[in-house]
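What follows is input11.cif (mmCIF, C-alpha atoms and all ligand atoms).
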```cif
data_upload
#
loop_
_atom_site.label_atom_id
_atom_site.label_comp_id
_atom_site.auth_asym_id
_atom_site.auth_seq_id
_atom_site.Cartn_x
_atom_site.Cartn_y
_atom_site.Cartn_z
CA MET A 672 19.92 125.87 311.54
CA ASP A 673 16.39 125.16 310.46
CA ILE A 674 16.22 124.38 306.72
CA LEU A 675 13.79 127.20 305.94
CA GLU A 676 16.04 129.65 307.72
CA LYS A 677 19.02 128.30 305.80
CA ALA A 678 17.21 128.60 302.48
CA LEU A 679 16.27 132.19 303.28
CA THR A 680 19.87 133.06 304.22
CA MET A 681 21.06 131.63 300.89
CA LEU A 682 18.44 133.58 298.93
CA SER A 683 19.20 136.84 300.74
CA LYS A 684 22.79 136.59 299.51
CA CYS A 685 22.40 134.96 296.07
CA PRO A 686 19.70 134.65 293.44
CA LEU A 687 18.87 130.95 293.06
CA CYS A 688 16.50 129.13 290.70
CA ASP A 689 14.31 126.29 292.03
CA HIS A 690 16.81 123.66 290.82
CA CYS A 691 19.80 125.30 292.46
CA LEU A 692 18.10 126.05 295.77
CA GLY A 693 16.54 122.58 295.94
CA ARG A 694 19.84 120.92 295.04
CA GLN A 695 21.41 122.16 298.30
CA PHE A 696 18.88 119.93 300.11
CA ALA A 697 18.99 117.04 297.64
CA LEU A 698 19.51 114.30 300.20
CA LEU A 699 16.41 115.31 302.19
CA GLY A 700 13.25 113.41 301.27
CA TYR A 701 13.09 110.60 298.76
CA ASN A 702 11.94 110.63 295.14
CA ILE A 703 11.54 114.41 295.05
CA GLU A 704 13.10 116.47 292.27
CA ASN A 705 15.37 119.36 293.28
CA LYS A 706 13.13 121.69 291.32
CA ASP A 707 10.19 120.67 293.54
CA ARG A 708 12.31 120.94 296.71
CA GLY A 709 13.35 124.48 295.75
CA LYS A 710 9.79 125.43 294.89
CA ALA A 711 8.44 123.99 298.18
CA LEU A 712 11.02 125.90 300.22
CA LYS A 713 10.15 129.15 298.43
CA LEU A 714 6.39 128.57 298.89
CA SER A 715 6.82 127.83 302.60
CA LEU A 716 8.93 130.97 302.97
CA THR A 717 6.26 132.98 301.13
CA LEU A 718 3.60 131.76 303.57
CA GLN A 719 5.84 132.59 306.54
CA ALA A 720 6.47 136.09 305.17
CA SER A 721 2.74 136.61 304.59
CA ALA A 722 2.07 135.65 308.18
CA LEU A 723 4.68 138.13 309.42
CA ASN A 724 3.17 140.86 307.25
CA SER A 725 -0.30 140.23 308.65
CA THR A 726 1.07 141.02 312.13
CA LYS A 727 2.37 144.35 310.74
CA ASN A 728 5.96 143.08 310.96
CA ALA A 729 8.00 144.93 308.26
CA GLU A 730 10.22 141.84 307.98
CA GLY A 731 7.33 140.22 306.02
CA VAL A 732 7.54 142.53 302.98
CA LYS A 733 11.33 142.47 303.10
CA ARG A 734 11.33 138.68 302.85
CA LEU A 735 8.70 138.67 300.11
CA LYS A 736 10.98 140.94 298.07
CA VAL A 737 13.92 138.57 298.54
CA LEU A 738 11.74 135.70 297.34
CA ALA A 739 10.36 137.67 294.43
CA VAL A 740 13.73 138.93 293.23
CA ASN A 741 16.40 136.41 294.27
CA GLY A 742 13.99 133.47 294.36
CA PHE A 743 12.29 134.31 291.03
CA SER A 744 9.10 133.28 292.88
CA ARG A 745 5.91 134.05 290.97
CA GLU A 746 3.88 133.47 294.13
CA ALA A 747 5.93 135.99 296.11
CA GLN A 748 5.67 138.46 293.20
CA GLU A 749 1.88 138.15 293.06
CA THR A 750 1.59 138.43 296.85
CA LEU A 751 3.54 141.68 296.70
CA GLN A 752 1.36 142.91 293.86
CA HIS A 753 -1.70 142.09 295.92
CA LEU A 754 -0.19 144.14 298.76
CA LYS A 755 0.43 146.97 296.24
CA LYS A 756 4.21 146.77 296.71
CA ARG A 757 6.43 147.25 293.67
CA ILE A 758 9.58 145.45 292.62
CA PRO A 759 12.13 147.72 290.91
CA LYS A 760 12.57 146.85 287.17
CA LYS A 761 16.36 146.45 287.40
CA ASP A 762 15.95 143.65 289.94
CA GLN A 763 13.95 141.58 287.51
CA THR A 764 16.83 140.84 285.15
CA LYS A 765 18.86 138.72 287.57
CA THR A 766 19.96 135.22 286.69
CA CYS A 767 20.64 132.29 289.02
CA PHE A 768 23.97 132.69 290.80
CA LEU A 769 24.93 129.03 290.42
CA CYS A 770 23.59 127.89 287.03
CA GLU A 771 23.19 131.26 285.30
CA SER A 772 19.62 130.05 284.74
CA LYS A 773 20.84 127.28 282.42
CA PHE A 774 18.40 124.78 283.92
CA GLN A 775 15.80 126.61 281.85
CA LEU A 776 17.54 125.18 278.78
CA LEU A 777 16.85 121.53 279.61
CA ASP A 778 14.35 121.19 276.77
CA SER A 779 16.56 122.75 274.11
CA LEU A 780 19.64 120.83 275.33
CA THR A 781 17.66 117.60 275.14
CA HIS A 782 16.55 118.52 271.64
CA ASP A 783 20.15 119.23 270.55
CA ALA A 784 21.34 115.94 272.05
CA LEU A 785 18.64 113.99 270.20
CA ASN A 786 19.68 115.69 266.97
CA ALA A 787 23.29 114.74 267.56
CA VAL A 788 22.50 111.04 268.06
CA ALA A 789 19.84 110.89 265.34
CA ASN A 790 22.16 109.35 262.73
CA CYS A 791 23.76 106.85 265.08
CA GLU A 792 22.84 103.29 265.83
CA TYR A 793 23.23 102.47 269.52
CA THR A 794 21.58 100.63 272.36
CA THR A 795 23.19 102.18 275.40
CA PHE A 796 24.37 105.69 276.10
CA LEU A 797 25.86 107.83 278.79
CA VAL A 798 25.47 111.56 279.29
CA GLY A 799 28.64 113.43 280.18
CA ILE A 800 28.51 117.03 281.38
CA GLU A 801 31.18 119.58 280.59
CA LEU A 802 31.26 122.66 282.80
CA PRO A 803 33.37 125.79 282.86
CA VAL A 804 35.84 125.53 285.74
CA ALA A 805 34.48 128.78 287.21
CA VAL A 806 31.01 127.24 287.59
CA GLU A 807 32.22 124.33 289.68
CA GLU A 808 34.50 126.52 291.76
CA ARG A 809 31.63 128.89 292.43
CA GLU A 810 29.47 126.02 293.62
CA ASP A 811 32.23 124.70 295.89
CA GLU A 812 32.67 128.11 297.48
CA PHE A 813 28.91 128.47 297.88
CA LYS A 814 28.65 125.08 299.61
CA ALA A 815 31.49 125.96 301.97
CA ALA A 816 30.03 129.37 302.78
CA PHE A 817 26.58 127.98 303.62
CA ASP A 818 27.82 124.75 305.14
CA VAL A 819 25.85 122.58 302.70
CA SER A 820 26.03 118.98 303.82
CA TYR A 821 23.21 117.26 301.97
CA GLY A 822 23.55 118.69 298.49
CA GLU A 823 24.08 117.25 295.04
CA SER A 824 26.55 118.74 292.53
CA ILE A 825 25.41 120.81 289.57
CA ARG A 826 27.21 118.40 287.23
CA HIS A 827 25.36 115.46 288.67
CA GLU A 828 21.97 117.12 288.45
CA PHE A 829 22.45 118.16 284.81
CA GLY A 830 23.67 114.66 283.92
CA ARG A 831 20.85 112.94 285.74
CA LEU A 832 18.06 115.10 284.30
CA LEU A 833 19.34 115.10 280.72
CA GLY A 834 20.06 111.36 280.86
CA LYS A 835 16.54 110.65 282.06
CA ARG A 836 14.95 112.76 279.34
CA ILE A 837 17.04 111.24 276.56
CA ALA A 838 16.29 107.73 277.83
CA GLU A 839 12.56 108.45 277.86
CA LEU A 840 12.48 110.02 274.42
CA THR A 841 14.71 107.48 272.67
CA ASP A 842 13.74 104.34 274.55
CA LYS A 843 17.47 103.58 274.99
CA THR A 844 19.22 102.57 278.18
CA ALA A 845 21.60 104.73 280.16
CA GLU A 846 24.70 102.66 280.91
CA TYR A 847 27.71 103.75 282.92
CA LYS A 848 30.36 101.11 282.30
CA LYS A 849 30.44 100.41 278.58
CA PRO A 850 27.99 102.66 276.76
CA ASP A 851 27.85 102.52 272.94
CA ILE A 852 27.98 106.30 272.86
CA ALA A 853 28.62 109.13 275.27
CA VAL A 854 26.72 112.36 274.67
CA ILE A 855 28.85 115.17 276.04
CA ILE A 856 26.77 118.25 276.81
CA ASN A 857 27.99 121.65 277.93
CA PRO A 858 24.91 123.55 279.22
CA PHE A 859 26.91 126.79 279.38
CA THR A 860 28.20 126.90 275.82
CA GLU A 861 25.19 124.84 274.71
CA ARG A 862 27.52 122.57 272.76
CA VAL A 863 26.76 118.89 272.29
CA ARG A 864 29.32 116.42 271.00
CA LEU A 865 29.39 112.65 270.66
CA GLN A 866 31.97 110.14 271.69
CA ILE A 867 31.24 106.94 269.81
CA ASN A 868 32.80 103.89 271.39
CA PRO A 869 34.28 101.12 269.21
CA LEU A 870 32.30 98.16 267.99
CA PHE A 871 33.89 94.73 268.51
CA VAL A 872 33.16 91.77 266.26
CA ALA A 873 34.67 88.37 267.00
CA GLY A 874 34.98 85.29 264.82
CA ARG A 875 37.43 82.76 263.39
CA TYR A 876 39.26 82.87 260.10
CA ARG A 877 40.71 80.23 257.86
CA LYS A 878 43.46 81.11 255.42
CA LEU A 879 43.30 78.85 252.42
CA VAL A 880 46.37 80.07 250.50
CA ARG A 881 50.08 80.41 251.25
CA ASP A 882 50.92 83.92 250.15
CA ILE A 883 48.80 86.25 252.27
CA PRO A 884 50.06 87.79 255.51
CA GLN A 885 47.74 88.06 258.49
CA SER A 886 48.07 91.80 258.89
CA LYS A 887 48.91 94.68 256.61
CA TRP A 888 52.58 94.48 255.80
CA PHE A 889 53.98 97.84 254.92
CA CYS A 890 56.60 98.22 252.21
CA SER A 891 60.03 98.12 253.82
CA LYS A 892 61.36 100.81 251.48
CA CYS A 893 58.70 103.51 251.76
CA ARG A 894 57.00 102.36 254.97
CA GLY A 895 53.51 102.77 253.59
CA LYS A 896 53.86 105.96 251.57
CA GLY A 897 54.03 104.21 248.22
CA CYS A 898 57.10 103.85 246.00
CA GLU A 899 58.40 102.04 242.93
CA LYS A 900 59.22 98.88 244.82
CA CYS A 901 55.63 98.41 246.00
CA GLY A 902 53.98 99.84 242.90
CA GLY A 903 52.66 102.80 244.86
CA THR A 904 50.52 100.68 247.17
CA GLY A 905 52.74 101.15 250.23
CA LYS A 906 52.22 97.46 250.94
CA LEU A 907 54.60 94.57 250.48
CA TYR A 908 51.69 92.22 249.85
CA PRO A 909 48.60 93.52 248.07
CA GLU A 910 46.20 91.69 250.36
CA SER A 911 46.12 90.54 253.98
CA VAL A 912 43.69 88.58 256.10
CA GLU A 913 43.15 91.81 258.00
CA ASP A 914 42.22 93.73 254.84
CA LEU A 915 39.96 91.07 253.46
CA VAL A 916 38.04 90.63 256.71
CA SER A 917 37.96 94.24 257.92
CA LYS A 918 36.98 96.12 254.79
CA PRO A 919 33.37 94.92 254.43
CA LEU A 920 32.80 95.40 258.17
CA LEU A 921 34.28 98.90 258.19
CA GLU A 922 32.13 99.92 255.25
CA ALA A 923 28.93 98.51 256.71
CA ALA A 924 29.55 100.13 260.08
CA GLU A 925 30.52 103.45 258.46
CA GLY A 926 33.40 103.59 260.90
CA GLU A 927 36.67 105.49 260.83
CA LYS A 928 39.21 102.65 260.93
CA THR A 929 39.71 99.13 262.21
CA ALA A 930 42.19 97.26 264.36
CA PHE A 931 42.65 93.52 263.88
CA HIS A 932 43.40 91.40 266.95
CA ALA A 933 44.12 87.68 266.62
CA SER A 934 45.19 84.89 268.87
CA GLY A 935 48.70 84.46 267.47
CA ARG A 936 49.59 84.41 263.79
CA GLU A 937 50.74 81.94 261.18
CA ASP A 938 53.63 82.55 258.82
CA ILE A 939 52.77 84.07 255.47
CA ASP A 940 53.51 80.78 253.72
CA ALA A 941 51.48 78.70 256.18
CA ARG A 942 47.79 78.05 255.71
CA MET A 943 45.34 78.32 258.59
CA LEU A 944 42.90 75.45 258.37
CA GLY A 945 40.61 73.48 260.68
CA ASN A 946 38.18 75.59 262.70
CA GLY A 947 40.24 78.65 262.01
CA ARG A 948 41.98 81.16 264.25
CA PRO A 949 40.02 83.36 266.69
CA PHE A 950 40.12 87.09 266.01
CA VAL A 951 38.41 90.29 267.08
CA ILE A 952 37.93 93.32 264.85
CA GLU A 953 37.66 96.66 266.56
CA ILE A 954 35.83 99.29 264.50
CA SER A 955 36.41 102.90 265.59
CA LYS A 956 33.57 105.41 265.57
CA PRO A 957 30.91 103.25 263.92
CA LYS A 958 27.74 105.09 262.91
CA LYS A 959 26.01 101.76 262.41
CA ARG A 960 26.13 99.05 265.05
CA PHE A 961 23.18 96.87 264.11
CA LEU A 962 25.06 94.90 261.47
CA ASP A 963 23.58 91.73 260.06
CA LEU A 964 26.55 89.50 260.87
CA LYS A 965 25.24 86.51 258.91
CA LYS A 966 25.19 88.75 255.86
CA MET A 967 28.62 90.21 256.73
CA GLU A 968 30.00 86.70 256.94
CA ALA A 969 28.64 85.93 253.47
CA ASP A 970 29.99 89.25 252.11
CA VAL A 971 33.49 88.65 253.46
CA ASN A 972 33.53 85.09 252.16
CA THR A 973 32.28 86.03 248.70
CA ASN A 974 34.79 88.83 248.49
CA ALA A 975 37.73 86.71 249.61
CA VAL A 976 36.64 83.49 247.97
CA ASP A 977 39.37 80.78 247.85
CA LYS A 978 41.63 82.98 249.98
CA VAL A 979 40.11 83.67 253.37
CA GLU A 980 36.97 82.40 255.03
CA VAL A 981 35.37 83.64 258.25
CA SER A 982 32.86 81.90 260.51
CA GLY A 983 30.95 82.46 263.72
CA LEU A 984 30.90 86.27 263.56
CA ARG A 985 29.37 87.72 266.73
CA PHE A 986 29.37 90.96 268.68
CA THR A 987 31.70 91.13 271.64
CA ASN A 988 33.47 93.73 273.78
CA LYS A 989 36.92 95.00 274.67
CA ASP A 990 37.48 92.23 277.24
CA ALA A 991 37.54 89.72 274.39
CA VAL A 992 40.69 91.38 272.99
CA ARG A 993 42.47 90.84 276.30
CA ARG A 994 41.31 87.23 276.43
CA LEU A 995 42.60 86.70 272.87
CA LYS A 996 46.06 87.93 273.82
CA LYS A 997 46.05 85.73 276.88
CA ALA A 998 45.04 82.75 274.75
CA GLU A 999 48.05 83.15 272.44
CA SER A 1000 49.70 80.28 274.26
CA ALA A 1001 46.63 78.08 273.76
CA GLN A 1002 47.22 74.68 272.18
CA LYS A 1003 47.81 74.59 268.45
CA GLU A 1004 47.85 71.78 265.95
CA TYR A 1005 50.18 71.87 262.96
CA ARG A 1006 50.88 69.72 259.94
CA VAL A 1007 54.25 70.06 258.31
CA LEU A 1008 55.60 68.37 255.22
CA ILE A 1009 59.29 67.56 255.72
CA GLU A 1010 61.98 66.80 253.20
CA PHE A 1011 65.11 64.99 254.40
CA GLU A 1012 68.58 65.02 252.93
CA ASN A 1013 68.87 61.21 253.13
CA ALA A 1014 66.30 58.44 252.93
CA ILE A 1015 64.30 57.74 256.08
CA SER A 1016 63.08 54.52 257.63
CA LYS A 1017 59.96 53.52 259.57
CA GLU A 1018 62.22 53.24 262.61
CA ASP A 1019 63.21 56.94 262.21
CA LEU A 1020 59.58 58.00 262.29
CA ARG A 1021 58.83 55.93 265.40
CA LEU A 1022 61.84 57.52 267.07
CA LEU A 1023 60.60 61.04 266.26
CA GLU A 1024 57.15 60.30 267.74
CA GLU A 1025 58.72 58.83 270.85
CA LYS A 1026 61.29 61.56 271.45
CA LEU A 1027 59.11 64.56 270.59
CA SER A 1028 55.76 63.58 272.17
CA GLY A 1029 55.73 65.17 275.63
CA ALA A 1030 59.05 66.93 275.02
CA LEU A 1031 59.97 70.37 276.31
CA ILE A 1032 61.51 72.34 273.46
CA LYS A 1033 64.03 75.08 274.15
CA GLN A 1034 63.88 77.59 271.38
CA GLN A 1035 66.04 80.62 270.83
CA THR A 1036 64.37 83.32 268.69
CA PRO A 1037 64.62 82.02 265.10
CA LEU A 1038 67.24 83.66 262.89
CA ARG A 1039 64.57 84.60 260.33
CA VAL A 1040 62.64 86.79 262.79
CA LEU A 1041 65.61 88.00 264.80
CA HIS A 1042 65.55 91.37 263.00
CA ARG A 1043 62.18 92.24 264.54
CA ARG A 1044 62.02 90.16 267.75
CA ALA A 1045 64.16 90.18 270.87
CA ASP A 1046 66.72 87.38 271.08
CA LEU A 1047 65.60 85.17 273.93
CA THR A 1048 65.04 81.53 274.72
CA ARG A 1049 61.50 80.28 275.21
CA GLU A 1050 60.29 76.89 276.33
CA ARG A 1051 57.27 75.25 274.76
CA TYR A 1052 55.70 71.84 275.34
CA ILE A 1053 54.85 69.41 272.62
CA TYR A 1054 51.88 67.30 273.66
CA GLU A 1055 51.82 64.88 270.77
CA VAL A 1056 53.66 64.16 267.55
CA LYS A 1057 52.54 61.79 264.81
CA VAL A 1058 54.56 61.13 261.66
CA LYS A 1059 53.49 59.53 258.39
CA LYS A 1060 55.95 58.48 255.74
CA GLY A 1061 55.58 59.97 252.29
CA SER A 1062 58.10 59.20 249.58
CA LEU A 1063 61.66 58.00 250.25
CA LYS A 1064 62.85 61.30 251.69
CA ARG A 1065 59.57 62.87 252.75
CA ALA A 1066 57.31 62.66 255.78
CA GLU A 1067 54.26 64.43 257.09
CA MET A 1068 54.41 65.37 260.77
CA HIS A 1069 51.43 66.35 262.94
CA VAL A 1070 52.33 68.39 266.03
CA ARG A 1071 50.01 69.34 268.87
CA CYS A 1072 51.85 71.85 271.05
CA GLN A 1073 51.71 74.94 273.17
CA GLY A 1074 51.10 78.10 271.15
CA GLY A 1075 54.20 80.08 270.29
CA LEU A 1076 56.36 77.14 269.19
CA TYR A 1077 58.12 77.83 265.90
CA VAL A 1078 57.45 74.61 263.99
CA LYS A 1079 59.72 75.27 261.00
CA GLU A 1080 62.69 75.57 263.38
CA LEU A 1081 61.58 72.44 265.24
CA VAL A 1082 62.18 70.65 261.94
CA SER A 1083 65.37 72.33 260.74
CA GLY A 1084 66.98 72.97 264.13
CA ASP A 1085 67.83 76.55 263.11
CA GLU A 1086 71.60 75.97 263.49
CA GLY A 1087 71.13 74.44 266.91
CA ARG A 1088 69.01 77.30 268.24
CA THR A 1089 66.03 74.94 268.69
CA MET A 1090 66.70 71.85 270.81
CA PRO A 1091 65.79 69.08 270.43
CA ASN A 1092 64.90 69.14 266.72
CA VAL A 1093 64.09 66.73 263.91
CA SER A 1094 67.40 67.11 262.05
CA GLU A 1095 69.46 66.47 265.14
CA LEU A 1096 67.36 63.55 266.45
CA LEU A 1097 67.77 61.62 263.19
CA GLY A 1098 71.19 62.90 262.19
CA ASN A 1099 69.58 63.73 258.87
CA ARG A 1100 69.14 67.30 257.69
CA ALA A 1101 65.42 68.08 257.55
CA LYS A 1102 63.67 70.94 255.78
CA PRO A 1103 60.04 72.10 256.24
CA LEU A 1104 58.34 72.33 252.84
CA LYS A 1105 54.74 73.21 253.68
CA LEU A 1106 53.18 74.21 256.94
CA ASP A 1107 49.50 74.32 257.86
CA VAL A 1108 47.87 75.30 261.13
CA LEU A 1109 45.12 72.75 261.63
CA ASN A 1110 43.59 73.92 264.85
CA VAL A 1111 43.69 76.61 267.52
CA ILE A 1112 42.32 75.04 270.66
CA MET A 1113 40.98 77.43 273.28
CA ASP A 1114 39.60 76.12 276.58
CA ASP A 1115 38.14 79.46 277.56
CA HIS A 1116 35.97 80.08 274.55
CA VAL A 1117 36.43 83.67 273.42
CA ARG A 1118 33.15 85.55 273.35
ZN ZN B 1201 20.10 127.69 289.01
ZN ZN B 1202 57.03 101.18 248.86
#
```
Do you think you could lay out the structure here as structure tokens?
Amino acid sequence: MDILEKALTMLSKCPLCDHCLGRQFALLGYNIENKDRGKALKLSLTLQASALNSTKNAEGVKRLKVLAVNGFSREAQETLQHLKKRIPKKDQTKTCFLCESKFQLLDSLTHDALNAVANCEYTTFLVGIELPVAVEEREDEFKAAFDVSYGESIRHEFGRLLGKRIAELTDKTAEYKKPDIAVIINPFTERVRLQINPLFVAGRYRKLVRDIPQSKWFCSKCRGKGCEKCGGTGKLYPESVEDLVSKPLLEAAEGEKTAFHASGREDIDARMLGNGRPFVIEISKPKKRFLDLKKMEADVNTNAVDKVEVSGLRFTNKDAVRRLKKAESAQKEYRVLIEFENAISKEDLRLLEEKLSGALIKQQTPLRVLHRRADLTRERYIYEVKVKKGSLKRAEMHVRCQGGLYVKELVSGDEGRTMPNVSELLGNRAKPLKLDVLNVIMDDHVR
């Protein structure tokens, strides 16, 4: 069927605005808006009808009426007026069969969307369209009935047009994969809501003291509600690395909450020194995204002075969290101060370096974490061990190993659950006194 004929058949059955008629022919012609396609079809049909009328064919006036009423065509209406033909009043109140004439609301919807995003900081956005189910079903049935094969969907046209307008008026970029915000617009209820995607900030932290856990540690008695044991705080430790680092960022971003992701964790009583441990903070629903990270770094460090120190803060994305988790087995460097039951000799220390450098350690889940971790045996490589003698019964051991090795148990032996171990190798009971993480080495630098 000829496209003009098809357009006329559609209009004879259903009232259609320029957008909705043009959209059924969206894949014809390039760089033409549906609105202009619809208008061009209606104009061409008006000319055809005029030509029929001039040959005294009654079909001409009949078609002009279809265009004037179901096509909302001003040109057809004026042509009829010129021919002294009237259009009944009741026919003039029709709305578009497909969009209920909601495409007329593009300006006010754009205005509402701009209002909704006005207090947000963002660079990229995406427009999402919410439609009543009935609207989409109606369009599907319409397309089937008229055998539409080069059309666009109503959802797509609304999304495209509103996205374009918002981009032009805000100077922001529409982005489909990872937008900062999604503006969800329902043209039928005229509701606009925002979905603000999280903000990710990466960096490294050093923990300079021995009594702060990495993450919030809820009180074991009340599980966070607050009780006598925890002094009403709900926390077993008043501060954590997570708290100290997250709080200033959460406040600056005016977000809802934060999640703290790190590449492994040190024990509460171990310090984290060297370059620090990589982490990513995820801030939910941030109203502000353009944070001055140099200033944030200074704020965190002032706030947590002598306890925790952050460096290299930078913006990142969700992928970085996955890379952090993957990097948990990255190389780590530890320093542990060991106390022995009996005196040690230089020969003992040489033996430790020789036996432990390059060794594969079989480690059953340590007894001290067995209550919260599955009991299984893991294998971890030690790349290098260096030992320095301290006093008669003390030594300082440097270990460079695969991440995930429990170093305290490497020293004590954990009742034979870690093999080989320092106590067993020397036949001299060894106890870890102080543990520091000196370095977290990541080949694939986390961005
Ligand atoms: Zn319409
Ligand atoms: Zn409590």
Could you list, as a CSV table (one decimal) with C-alpha atoms, keeping the file's coordinate frame, all the residues within 10 Å of ligand ZN 1201 (chain B), counting all atoms listed in the file?
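Result file is pocket_27.csv:
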```csv
chain,number,residue,atom,x,y,z
A,686,PRO,CA,19.7,134.6,293.4
A,687,LEU,CA,18.9,131.0,293.1
A,688,CYS,CA,16.5,129.1,290.7
A,689,ASP,CA,14.3,126.3,292.0
A,690,HIS,CA,16.8,123.7,290.8
A,691,CYS,CA,19.8,125.3,292.5
A,692,LEU,CA,18.1,126.0,295.8
A,693,GLY,CA,16.5,122.6,295.9
A,694,ARG,CA,19.8,120.9,295.0
A,706,LYS,CA,13.1,121.7,291.3
A,742,GLY,CA,14.0,133.5,294.4
A,766,THR,CA,20.0,135.2,286.7
A,767,CYS,CA,20.6,132.3,289.0
A,768,PHE,CA,24.0,132.7,290.8
A,769,LEU,CA,24.9,129.0,290.4
A,770,CYS,CA,23.6,127.9,287.0
A,771,GLU,CA,23.2,131.3,285.3
A,772,SER,CA,19.6,130.0,284.7
A,773,LYS,CA,20.8,127.3,282.4
A,774,PHE,CA,18.4,124.8,283.9
A,775,GLN,CA,15.8,126.6,281.8
A,825,ILE,CA,25.4,120.8,289.6
```
Original post:
How would you write, as an MDAnalysis selection string, the set of residues no farther than 6 Å from ligand ZN 1202 (chain B) when counting only C-alpha atoms and all ligand atoms?
Top reply: chainID A and resid 890 892:893 897:898 900:901 905
Original post:
By how many Å are CA of Pro957 (chain A) and CA of Leu777 (chain A) apart?
Top reply: 27.9 Å
Subject >> Pick from A:Leu832, A:Leu1023, A:Leu735, A:Ile703 nearest to Val798 (chain A), counting only C-alpha atoms >> reply: A:Leu832
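Among the candidate residues A:Lys1102, A:Arg826, A:Lys896, A:Lys843, the one lying nearest to Ile855 (chain A) is A:Arg826, with distances computed using all atoms listed in the file.
Here CA of Asn946 (chain A) stands at a distance of 12.5 Å from CA of Val979 (chain A).
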Excluding region 718-720 of chain A and any residue of its chain fewer than 2 positions from it, enumerate the residues within 9 Å of it, using only C-alpha atoms, and give them as an mmCIF file with C-alpha atoms, keeping the file's coordinate frame.
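Full text of around13.cif as output:
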```
data_model
loop_
_atom_site.group_PDB
_atom_site.id
_atom_site.type_symbol
_atom_site.label_atom_id
_atom_site.label_comp_id
_atom_site.auth_asym_id
_atom_site.auth_seq_id
_atom_site.Cartn_x
_atom_site.Cartn_y
_atom_site.Cartn_z
ATOM 1 C CA LYS A 713 10.150 129.150 298.430
ATOM 2 C CA LEU A 714 6.390 128.570 298.890
ATOM 3 C CA SER A 715 6.820 127.830 302.600
ATOM 4 C CA LEU A 716 8.930 130.970 302.970
ATOM 5 C CA ALA A 722 2.070 135.650 308.180
ATOM 6 C CA LEU A 723 4.680 138.130 309.420
ATOM 7 C CA ASN A 724 3.170 140.860 307.250
ATOM 8 C CA SER A 725 -0.300 140.230 308.650
ATOM 9 C CA GLU A 730 10.220 141.840 307.980
ATOM 10 C CA GLY A 731 7.330 140.220 306.020
ATOM 11 C CA VAL A 732 7.540 142.530 302.980
ATOM 12 C CA LYS A 733 11.330 142.470 303.100
ATOM 13 C CA ARG A 734 11.330 138.680 302.850
ATOM 14 C CA LEU A 735 8.700 138.670 300.110
ATOM 15 C CA ALA A 747 5.930 135.990 296.110
#
```
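From CA of Lys684 (chain A) back to CA of Arg757 (chain A), the distance works out to 20.4 Å.
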Contacts of region 847-953 of chain A with region 960-963 of chain A up to 9 Å, shortest pair per row, all atoms listed in the file, as JSON lines:
```
{"residue": "A:Asp851", "atom": "CA", "partner": "A:Arg960", "partner_atom": "CA", "distance": 8.8}
{"residue": "A:Leu870", "atom": "CA", "partner": "A:Arg960", "partner_atom": "CA", "distance": 6.9}
{"residue": "A:Leu920", "atom": "CA", "partner": "A:Leu962", "partner_atom": "CA", "distance": 8.4}
{"residue": "A:Ala923", "atom": "CA", "partner": "A:Leu962", "partner_atom": "CA", "distance": 7.1}
{"residue": "A:Ala924", "atom": "CA", "partner": "A:Arg960", "partner_atom": "CA", "distance": 6.1}
```
**OP:** Determine the nearest neighbour of Ser911 (chain A) from the options A:Phe743, A:Phe931, A:Tyr821, A:Trp888, counting all atoms listed in the file.
**Re:** A:Trp888
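Remark: for Glu913 (chain A), the closest of the candidate residues A:Glu1095, A:Glu953, A:Asp990, A:Glu812 is A:Glu953 (distances computed over all atoms listed in the file).
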Subject >> Close residues, Val854 (chain A) itself excluded, 9 Å, only C-alpha atoms, min 5 positions apart in chain, as a list of chain:residue names >> reply: A:Ala784, A:Ala787, A:Val788, A:Phe796, A:Leu797, A:Val798, A:Gly799, A:Ile800, A:Val863, A:Arg864, A:Leu865, A:Gln866, A:Ile867
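Proximity ranking of A:Thr781, A:Ala739, A:Asp1046, A:Leu1031 relative to Gln752 (chain A) places A:Ala739 first, based on only C-alpha atoms.
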**OP:** Give the answer as one residue: which of A:Glu808, A:Ala697, A:Ala941, A:Phe817 has the shortest atom-to-atom distance to Glu676 (chain A), using only C-alpha atoms?
**Re:** A:Phe817
Where is the centre and how long are the edges: axis-aligned box on region 709-713 of chain A, 8 Å on each side, Å to one decimal, as JSON:
```
{"center_x": 10.9, "center_y": 126.6, "center_z": 297.6, "size_x": 20.9, "size_y": 21.2, "size_z": 21.3}
```
**OP:** Kindly provide, as number ranges by chain, the polymer residues lying within 10 Å of (57.1, 60.4, 268.7), counting all atoms listed in the file and using the coordinates exactly as they appear in the file.
**Re:** A: 1019-1030, 1054-1058, 1068, 1070
**OP:** May I have the residues at most 8 Å from (55.0, 76.0, 269.2) in the file's coordinates, counting only C-alpha atoms, as a ChimeraX atom specification?
**Re:** /A:1003,1051-1053,1072-1078
